[in-house]
Amino acid sequence: MSKVSLSGIRKSYGALEVLHGIDLEVREGEFIVLVGPSGCGKSTLLRMIAGLESVTSGVLRIDGRVVNDVETRERDIAMVFQSYALYPHMSVAENIGFPLRVRSVGSKDASERVSRTADMIGLSRLLDRKPRQLSGGQRQRVAMGRAIIRDPKLFLFDEPLSNLDAKLRGHIRAQIRQLHRELGATSIYVTHDQVEAMTLADRIVLLKDGVCQQIGSPLDLYSKPANTFAASFIGSPEINLVHGICRGSKEGPMFDGPGFAERIPPSLHDAVCPGSAITLGIRPEHLEVQDAGDFKARVKDTEYLGVETLLICDLGGQELVARVPGRCEALGREVGLSIKPRTSHFFDTATGVSLG
């Protein structure tokens, strides 16, 4: 297992800077997920850790050793890519065992390790097959087996599930999670998929435009988003962001929105002042339909999903989505909605930063 330290990491291509001073400490045995939209710099950062991209400035350490100028082969890492990169003329066993062949490992030892690795990834019965005879999920498992057999200090995954359909992604995701538990190896995983990030990560590193927006556990990013971008990126359906202003009242500062008001928690009173623009974040699953709700909204569309219904509402010209259990026949009607206690998020409208 390895520790990885990134201090002030920057990457530029000519005058274009794509990573802007990334700081990150990865603990031994930790599963870190780098997530963000396309073009945010997550794959570039992973390739820098792998030694496939140079570091423009900053310090990159693996186990305390500065590796800025160390060749990839000397970093003791294994990488799994989006493309499987299997040798088409080799069998599954030969593909998995190829790293041992390069290292001139004895045939008996290599055979035992291939067998053990194949058991681990559920491919024992397919060792004689060629890649063309495998499904996409099986090919990705071969690629994972080839990484595992090296017994590296550090695993790097670059969007390994992107080429798979939804059902296979879920299956392979569960396998990756189980393998991490068994191996306990330090892993850094890149994805644009928030579901992968939430289900795999010990901690998530959320990137946007080459800047780190938030680092924390999946629960932290869901329940304590640092800004409106983090709040919007994590969670499906996307969080509702309702714009309003702060006004004073006998009970203390209030959020004054379109057709309703919401009390601002005492812990945030020092962060707001009357007249300031505030954005209220409400996750769709934290809204309840009640006859005597906190406010009224007109349902302009519905999406029935079996166990739940999405109500797409109009709230004073702003769209609001509520996620309610079961079937809710409310199209065209005005419904009462209430916000579940202690679930609201408050942001400074100008900066997007959380007020607390």
# chains A, B, ... in the order shown; residues from 1 in each chain; ligands from 1

$ closest_atom_pairs --of "range 16-115 of chain A" --to "range 218-237 of chain A" --cutoff "10 Å" --atoms "only C-alpha atoms" --output "Markdown table"
| residue | atom | partner | partner_atom | distance |
| --- | --- | --- | --- | --- |
| A:Val33 | CA | A:Pro218 | CA | 9.9 |
| A:Val35 | CA | A:Phe233 | CA | 9.5 |
| A:Gly36 | CA | A:Phe233 | CA | 7.9 |
| A:Pro37 | CA | A:Phe233 | CA | 8.7 |

$ select_by_dssp --residues "range 86-223 of chain A" --states "strand (DSSP E or B)" --output "PDB file with N, CA and C atoms, in the first residue's frame"
ATOM      1  N   LEU A 154       0.085   0.785  -5.876  1.00  0.00           N
ATOM      2  CA  LEU A 154      -0.961   1.759  -6.166  1.00  0.00           C
ATOM      3  C   LEU A 154      -1.717   1.355  -7.428  1.00  0.00           C
ATOM      4  N   PHE A 155      -3.068   1.357  -7.336  1.00  0.00           N
ATOM      5  CA  PHE A 155      -3.925   1.107  -8.491  1.00  0.00           C
ATOM      6  C   PHE A 155      -4.489   2.433  -9.000  1.00  0.00           C
ATOM      7  N   LEU A 156      -4.444   2.627 -10.316  1.00  0.00           N
ATOM      8  CA  LEU A 156      -5.034   3.800 -10.947  1.00  0.00           C
ATOM      9  C   LEU A 156      -6.069   3.334 -11.970  1.00  0.00           C
ATOM     10  N   PHE A 157      -7.281   3.872 -11.878  1.00  0.00           N
ATOM     11  CA  PHE A 157      -8.371   3.508 -12.786  1.00  0.00           C
ATOM     12  C   PHE A 157      -8.818   4.754 -13.550  1.00  0.00           C
ATOM     13  N   ASP A 158      -8.788   4.691 -14.886  1.00  0.00           N
ATOM     14  CA  ASP A 158      -9.218   5.830 -15.698  1.00  0.00           C
ATOM     15  C   ASP A 158     -10.507   5.478 -16.436  1.00  0.00           C
ATOM     16  N   THR A 186      -4.124   0.868  -2.052  1.00  0.00           N
ATOM     17  CA  THR A 186      -4.445   2.268  -2.326  1.00  0.00           C
ATOM     18  C   THR A 186      -4.904   2.393  -3.777  1.00  0.00           C
ATOM     19  N   SER A 187      -6.028   3.062  -3.984  1.00  0.00           N
ATOM     20  CA  SER A 187      -6.598   3.168  -5.328  1.00  0.00           C
ATOM     21  C   SER A 187      -7.056   4.593  -5.600  1.00  0.00           C
ATOM     22  N   ILE A 188      -6.796   5.058  -6.824  1.00  0.00           N
ATOM     23  CA  ILE A 188      -7.287   6.358  -7.287  1.00  0.00           C
ATOM     24  C   ILE A 188      -8.059   6.110  -8.577  1.00  0.00           C
ATOM     25  N   TYR A 189      -9.290   6.560  -8.602  1.00  0.00           N
ATOM     26  CA  TYR A 189     -10.245   6.168  -9.644  1.00  0.00           C
ATOM     27  C   TYR A 189     -10.853   7.424 -10.258  1.00  0.00           C
ATOM     28  N   VAL A 190     -10.841   7.503 -11.578  1.00  0.00           N
ATOM     29  CA  VAL A 190     -11.405   8.656 -12.295  1.00  0.00           C
ATOM     30  C   VAL A 190     -12.740   8.281 -12.917  1.00  0.00           C
ATOM     31  N   THR A 191     -13.738   9.145 -12.765  1.00  0.00           N
ATOM     32  CA  THR A 191     -15.031   8.945 -13.404  1.00  0.00           C
ATOM     33  C   THR A 191     -15.739  10.289 -13.549  1.00  0.00           C
ATOM     34  N   ARG A 203     -13.188   8.692  -0.085  1.00  0.00           N
ATOM     35  CA  ARG A 203     -13.312  10.148  -0.221  1.00  0.00           C
ATOM     36  C   ARG A 203     -13.409  10.501  -1.702  1.00  0.00           C
ATOM     37  N   ILE A 204     -14.148  11.570  -1.968  1.00  0.00           N
ATOM     38  CA  ILE A 204     -14.328  12.076  -3.324  1.00  0.00           C
ATOM     39  C   ILE A 204     -13.559  13.383  -3.476  1.00  0.00           C
ATOM     40  N   VAL A 205     -12.889  13.536  -4.615  1.00  0.00           N
ATOM     41  CA  VAL A 205     -12.259  14.804  -4.984  1.00  0.00           C
ATOM     42  C   VAL A 205     -13.050  15.345  -6.170  1.00  0.00           C
ATOM     43  N   LEU A 206     -13.782  16.421  -5.951  1.00  0.00           N
ATOM     44  CA  LEU A 206     -14.635  17.002  -6.988  1.00  0.00           C
ATOM     45  C   LEU A 206     -13.897  18.136  -7.686  1.00  0.00           C
ATOM     46  N   LEU A 207     -13.762  18.019  -9.005  1.00  0.00           N
ATOM     47  CA  LEU A 207     -13.024  19.003  -9.796  1.00  0.00           C
ATOM     48  C   LEU A 207     -13.942  19.725 -10.775  1.00  0.00           C
ATOM     49  N   LYS A 208     -13.607  20.970 -11.032  1.00  0.00           N
ATOM     50  CA  LYS A 208     -14.278  21.755 -12.072  1.00  0.00           C
ATOM     51  C   LYS A 208     -13.265  22.738 -12.646  1.00  0.00           C
ATOM     52  N   VAL A 211      -9.877  23.077 -11.004  1.00  0.00           N
ATOM     53  CA  VAL A 211      -9.828  23.548  -9.615  1.00  0.00           C
ATOM     54  C   VAL A 211     -10.579  22.559  -8.733  1.00  0.00           C
ATOM     55  N   CYS A 212     -10.001  22.240  -7.589  1.00  0.00           N
ATOM     56  CA  CYS A 212     -10.661  21.352  -6.634  1.00  0.00           C
ATOM     57  C   CYS A 212     -11.781  22.109  -5.932  1.00  0.00           C
ATOM     58  N   GLN A 213     -13.006  21.611  -6.066  1.00  0.00           N
ATOM     59  CA  GLN A 213     -14.169  22.261  -5.470  1.00  0.00           C
ATOM     60  C   GLN A 213     -14.453  21.763  -4.054  1.00  0.00           C
ATOM     61  N   GLN A 214     -14.220  20.480  -3.812  1.00  0.00           N
ATOM     62  CA  GLN A 214     -14.481  19.915  -2.493  1.00  0.00           C
ATOM     63  C   GLN A 214     -13.841  18.540  -2.392  1.00  0.00           C
ATOM     64  N   ILE A 215     -13.329  18.220  -1.210  1.00  0.00           N
ATOM     65  CA  ILE A 215     -12.810  16.889  -0.902  1.00  0.00           C
ATOM     66  C   ILE A 215     -13.522  16.403   0.353  1.00  0.00           C
ATOM     67  N   GLY A 216     -14.070  15.201   0.304  1.00  0.00           N
ATOM     68  CA  GLY A 216     -14.753  14.673   1.479  1.00  0.00           C
ATOM     69  C   GLY A 216     -15.368  13.319   1.198  1.00  0.00           C
TER      70      GLY A 216
END

$ closest_residue --among "A:Leu268, A:Asp256, A:Pro131, A:Leu34" --to "Gln194 in chain A" --atoms "only C-alpha atoms"
A:Leu34

$ residues_around --residues "Gly170 in chain A" --least-positions-apart "6" --cutoff "12 Å" --atoms "only C-alpha atoms" --output "PyMOL selection string"
chain A and resi 137+161-162+164+176-177+193+195-196+199-200

$ residues_around --residues "Thr349 in chain A" --least-positions-apart "5" --cutoff "10 Å" --atoms "only C-alpha atoms" --output "MDAnalysis selection string"
chainID A and resid 227:228 241:245 276:280 354:355

$ write_last_selection --atoms "N, CA and C atoms" --output "short mmCIF file (atom, residue, chain, number, x, y, z; two decimals), in the first residue's frame"
data_model
loop_
_atom_site.label_atom_id
_atom_site.label_comp_id
_atom_site.auth_asym_id
_atom_site.auth_seq_id
_atom_site.Cartn_x
_atom_site.Cartn_y
_atom_site.Cartn_z
N ASN A 227 -20.38 24.31 -2.17
CA ASN A 227 -20.89 25.38 -3.03
C ASN A 227 -22.01 24.84 -3.91
N THR A 228 -22.60 25.70 -4.71
CA THR A 228 -23.74 25.28 -5.53
C THR A 228 -23.32 24.27 -6.60
N LEU A 241 -32.32 24.78 -6.72
CA LEU A 241 -31.68 26.01 -6.25
C LEU A 241 -32.67 27.15 -6.45
N VAL A 242 -33.21 27.64 -5.33
CA VAL A 242 -34.26 28.66 -5.36
C VAL A 242 -33.65 30.00 -4.91
N HIS A 243 -33.83 31.03 -5.72
CA HIS A 243 -33.21 32.32 -5.44
C HIS A 243 -34.17 33.23 -4.65
N GLY A 244 -33.60 33.92 -3.67
CA GLY A 244 -34.39 34.85 -2.86
C GLY A 244 -33.47 35.83 -2.16
N ILE A 245 -34.01 36.49 -1.13
CA ILE A 245 -33.21 37.45 -0.37
C ILE A 245 -33.38 37.17 1.12
N SER A 276 -29.45 40.81 1.56
CA SER A 276 -28.46 40.07 0.76
C SER A 276 -29.13 38.96 -0.04
N ALA A 277 -28.57 38.68 -1.22
CA ALA A 277 -29.12 37.64 -2.10
C ALA A 277 -28.66 36.27 -1.62
N ILE A 278 -29.62 35.38 -1.44
CA ILE A 278 -29.34 34.03 -0.93
C ILE A 278 -29.99 33.01 -1.86
N THR A 279 -29.32 31.89 -2.01
CA THR A 279 -29.87 30.76 -2.77
C THR A 279 -30.16 29.62 -1.80
N LEU A 280 -31.38 29.13 -1.85
CA LEU A 280 -31.80 28.02 -1.00
C LEU A 280 -31.70 26.72 -1.80
N SER A 354 -21.24 27.95 0.11
CA SER A 354 -22.14 27.62 1.21
C SER A 354 -21.96 28.62 2.36
N LEU A 355 -23.08 28.98 2.98
CA LEU A 355 -23.02 29.90 4.12
C LEU A 355 -22.70 29.18 5.42
#

$ closest_atom_pairs --of "range 69-105 of chain A" --to "range 44-64 of chain A" --cutoff "9 Å" --atoms "only C-alpha atoms" --output "tab-separated table"
residue	atom	partner	partner_atom	distance
A:Asp69	CA	A:Ser54	CA	7.7
A:Val70	CA	A:Gly51	CA	7.1
A:Glu71	CA	A:Gly51	CA	6.1
A:Thr72	CA	A:Gly51	CA	4.8
A:Arg73	CA	A:Gly51	CA	8.6
A:Arg75	CA	A:Ala50	CA	7.5
A:Ile77	CA	A:Ala50	CA	7.1
A:Ala78	CA	A:Ala50	CA	8.5
A:Met79	CA	A:Ala50	CA	7.8

$ closest_atom_pairs --of "range 103-127 of chain A" --to "range 139-149 of chain A" --cutoff "7 Å" --atoms "only C-alpha atoms" --output "Markdown table"
| residue | atom | partner | partner_atom | distance |
| --- | --- | --- | --- | --- |
| A:Arg113 | CA | A:Ile149 | CA | 6.8 |
| A:Thr117 | CA | A:Gly145 | CA | 6.1 |
| A:Ala118 | CA | A:Gly145 | CA | 6.8 |
| A:Ile121 | CA | A:Arg141 | CA | 6.4 |

$ write_last_selection --atoms "C-alpha atoms" --output "compact mmCIF listing (two decimals), in the first residue's frame"
# COMPACT_ATOMS: atom_id res chain seq x y z
CA ARG A 113 -0.62 -16.51 -9.55
CA THR A 117 -6.06 -13.97 -9.75
CA ALA A 118 -8.59 -15.57 -12.11
CA ILE A 121 -12.12 -11.94 -10.59

$ closest_residue --among "A:Ser267, A:Gln138, A:Ser338, A:Asn240" --to "Gly252 in chain A" --atoms "only C-alpha atoms"
A:Ser267

$ atom_distance --atom1 "CA of Phe98 in chain A" --atom2 "CA of Gln133 in chain A"
18.8 Å

$ residues_around --residues "Phe260 in chain A" --least-positions-apart "3" --cutoff "8 Å" --atoms "only C-alpha atoms" --output "VMD selection string"
chain A and resid 256 to 257 294 to 295

$ write_last_selection --atoms "C-alpha atoms" --output "PDB file, in the first residue's frame"
ATOM      1  CA  ASP A 256     -37.678  35.192   1.428  1.00  0.00           C
ATOM      2  CA  GLY A 257     -38.373  33.197  -1.732  1.00  0.00           C
ATOM      3  CA  ASP A 294     -45.143  25.325   3.738  1.00  0.00           C
ATOM      4  CA  PHE A 295     -45.913  26.683   0.261  1.00  0.00           C
TER       5      PHE A 295
END

$ closest_residue --among "A:Arg125, A:Arg327, A:Arg181, A:Lys300" --to "Leu315 in chain A" --atoms "only C-alpha atoms"
A:Lys300
